[in-house]
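A short write-up of the structure that comes next.
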Amino acid sequence: TQIPQLREAVVETGALHFLATMFQDSGCQGKLQATRAICGLAASPTLSQNLVDSGIVPLLTAQLVDSNLDLKQRAALALHNICAGIKDTAVLGLTEGTISSLADLLHAADVKGQLVAAATLRQLVRAPATCALVARSQACTGLVASVRNSAEPDVRKAAADALKQLAHMSETAVDIARLIGQPELRNCEAIVAWLDSNEQVCSSTSEQDLATHHSESATEAPTGLIAVTAGVSGA
């Protein structure tokens, strides 16, 4: 129970200004350290508005196009957890380029990147403005592919949930129906029913199982936040 208070105390010391400076003045390792710190702070939803007000979000979104996959995934993770504490994600000032970069992560080689991308897109479709932004991007293609092909239940569920929300937009519903190979489904209810019937509902892969294949594992907590924990790579 003391951890959220400790995070708030860190913010009160002016740490966000220091972290923003690290983004602007450091190389890849410095940016990675700053992103890790922001991920930790963003785990407290009460600090989301502080992070937005500090100007951190544009610095995070700039990392989504970085060639370093770890930096890219951690920036997306921080963005996801900031979204979890914001009612109207329109205040984040995201662009179609940001959404496209998140959609690219749906095709990441490891489960962590896929989960972070799908769950962040699910957060963004909660608000009308950012939902429209996601709809105008190519994200639907990646989300449908995740529902169809991902071996990880959490990824499939997050992607399906995002598509269900997007299906409320009539033009996007037509696109989703085409992408899932069911062009005759012309309304939201029919598409949601199809997604429900095709989403394989089963227990999430445990962190221990993920850790045997990845140096880190990602799991989504009931709060909507994503936790990334260290693991031991398998032989």
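Within each chain, counting starts at residue 1; across the structure tokens, chains are named A, B, ... in the order shown, with ligands numbered 1 upward in that order.
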
Exercise for review: Mind checking which residues fall within 8 Å of range 101-109 of chain A, counting only C-alpha atoms, ignoring those fewer than 6 positions away in the same chain, and posting them as a ChimeraX atom specification?
Suggested key: /A:64-65,73,76,115,117-118,120-121,138-139,142-143,146

Check your understanding: Residues of range 2-219 of chain A in strand (DSSP E) according to DSSP, as a PyMOL selection string?
Key -> chain A and resi 216-219

Review point. Looking at only C-alpha atoms, which of A:Ala167, A:Asp53, A:Asp175, A:Asn149 is the one that sits closest to Asn187 in chain A?
Key: A:Ala167

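The smallest atom-to-atom distance between Lys112 in chain A and any of A:Leu77, A:Lys157, A:Thr172, A:Leu47, using only C-alpha atoms, is found for A:Leu77.
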
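Taking CA of Leu41 in chain A as the reference point, CA of Ile99 in chain A is found at 22.8 Å.
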
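Distances from A:Asp70, A:Cys28, A:Thr46, A:Arg36 to Val11 in chain A were compared using only C-alpha atoms, and the smallest one belongs to A:Thr46.
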
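For the pair CA of Gly40 in chain A and CA of Glu96 in chain A, the separation is 26.4 Å.
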
Review point. Can you tell me, as a PyMOL selection string, what residues are no more than 8 Å from range 125-129 of chain A when counting only C-alpha atoms, ignoring any on the same chain fewer than 2 positions away?
Key: chain A and resi 87-90+121-123+131-134+162+165-166

Take the selection from the previous step and output its residues with N, CA and C atoms, as a PDB file, in the first residue's frame.
ATOM      1  N   LYS A  87      -9.567   9.288 -18.422  1.00  0.00           N
ATOM      2  CA  LYS A  87     -10.918   9.019 -18.912  1.00  0.00           C
ATOM      3  C   LYS A  87     -11.052   9.321 -20.398  1.00  0.00           C
ATOM      4  N   ASP A  88     -10.545  10.468 -20.824  1.00  0.00           N
ATOM      5  CA  ASP A  88     -10.649  10.856 -22.228  1.00  0.00           C
ATOM      6  C   ASP A  88      -9.265  10.841 -22.839  1.00  0.00           C
ATOM      7  N   THR A  89      -8.972   9.783 -23.596  1.00  0.00           N
ATOM      8  CA  THR A  89      -7.633   9.626 -24.153  1.00  0.00           C
ATOM      9  C   THR A  89      -7.343  10.631 -25.266  1.00  0.00           C
ATOM     10  N   ALA A  90      -8.330  11.439 -25.650  1.00  0.00           N
ATOM     11  CA  ALA A  90      -8.087  12.483 -26.648  1.00  0.00           C
ATOM     12  C   ALA A  90      -7.065  13.500 -26.143  1.00  0.00           C
ATOM     13  N   LEU A 121      -4.294  -0.421 -27.810  1.00  0.00           N
ATOM     14  CA  LEU A 121      -5.339  -0.073 -28.777  1.00  0.00           C
ATOM     15  C   LEU A 121      -6.724  -0.234 -28.148  1.00  0.00           C
ATOM     16  N   ARG A 122      -6.882  -1.250 -27.314  1.00  0.00           N
ATOM     17  CA  ARG A 122      -8.171  -1.421 -26.625  1.00  0.00           C
ATOM     18  C   ARG A 122      -8.459  -0.248 -25.697  1.00  0.00           C
ATOM     19  N   GLN A 123      -7.424   0.261 -25.031  1.00  0.00           N
ATOM     20  CA  GLN A 123      -7.611   1.439 -24.187  1.00  0.00           C
ATOM     21  C   GLN A 123      -8.025   2.653 -25.025  1.00  0.00           C
ATOM     22  N   CYS A 131     -10.899   6.552 -30.780  1.00  0.00           N
ATOM     23  CA  CYS A 131     -11.491   5.407 -31.478  1.00  0.00           C
ATOM     24  C   CYS A 131     -11.532   5.698 -32.978  1.00  0.00           C
ATOM     25  N   ALA A 132     -11.923   6.920 -33.327  1.00  0.00           N
ATOM     26  CA  ALA A 132     -11.950   7.312 -34.739  1.00  0.00           C
ATOM     27  C   ALA A 132     -10.548   7.305 -35.338  1.00  0.00           C
ATOM     28  N   LEU A 133      -9.572   7.678 -34.533  1.00  0.00           N
ATOM     29  CA  LEU A 133      -8.184   7.681 -34.993  1.00  0.00           C
ATOM     30  C   LEU A 133      -7.723   6.258 -35.294  1.00  0.00           C
ATOM     31  N   VAL A 134      -8.058   5.334 -34.405  1.00  0.00           N
ATOM     32  CA  VAL A 134      -7.697   3.928 -34.624  1.00  0.00           C
ATOM     33  C   VAL A 134      -8.410   3.390 -35.866  1.00  0.00           C
ATOM     34  N   ALA A 162     -11.068  -4.734 -28.680  1.00  0.00           N
ATOM     35  CA  ALA A 162     -10.875  -3.512 -29.445  1.00  0.00           C
ATOM     36  C   ALA A 162     -11.741  -3.525 -30.698  1.00  0.00           C
ATOM     37  N   GLN A 165     -15.446  -2.756 -30.040  1.00  0.00           N
ATOM     38  CA  GLN A 165     -15.722  -1.326 -29.869  1.00  0.00           C
ATOM     39  C   GLN A 165     -15.678  -0.612 -31.217  1.00  0.00           C
ATOM     40  N   LEU A 166     -14.710  -0.963 -32.049  1.00  0.00           N
ATOM     41  CA  LEU A 166     -14.592  -0.343 -33.363  1.00  0.00           C
ATOM     42  C   LEU A 166     -15.794  -0.670 -34.255  1.00  0.00           C
TER      43      LEU A 166
END

**Study point:** Interatomic distance (Å, one decimal) between CA of Ala119 in chain A and CA of Gly181 in chain A
**Key:** 23.5 Å

**Study point:** Nearest-residue call for Gly93 in chain A, choices A:Val111, A:Val52, A:Ala177, A:Ala160, using only C-alpha atoms
**Key:** A:Val52

Check your understanding: Within 7 Å of range 79-86 of chain A, counting only C-alpha atoms, which residues qualify if same-chain residues fewer than 4 places away don't, as a ChimeraX atom specification?
Key -> /A:42-43,45-46,48-49,75,120,123,224-225

Exercise for review: Could you find all residues in range 31-95 of chain A that DSSP calls alpha helix (DSSP H) from the backbone, and write them as a PyMOL selection string?
Suggested key: chain A and resi 31-42+48-53+56-62+69-84
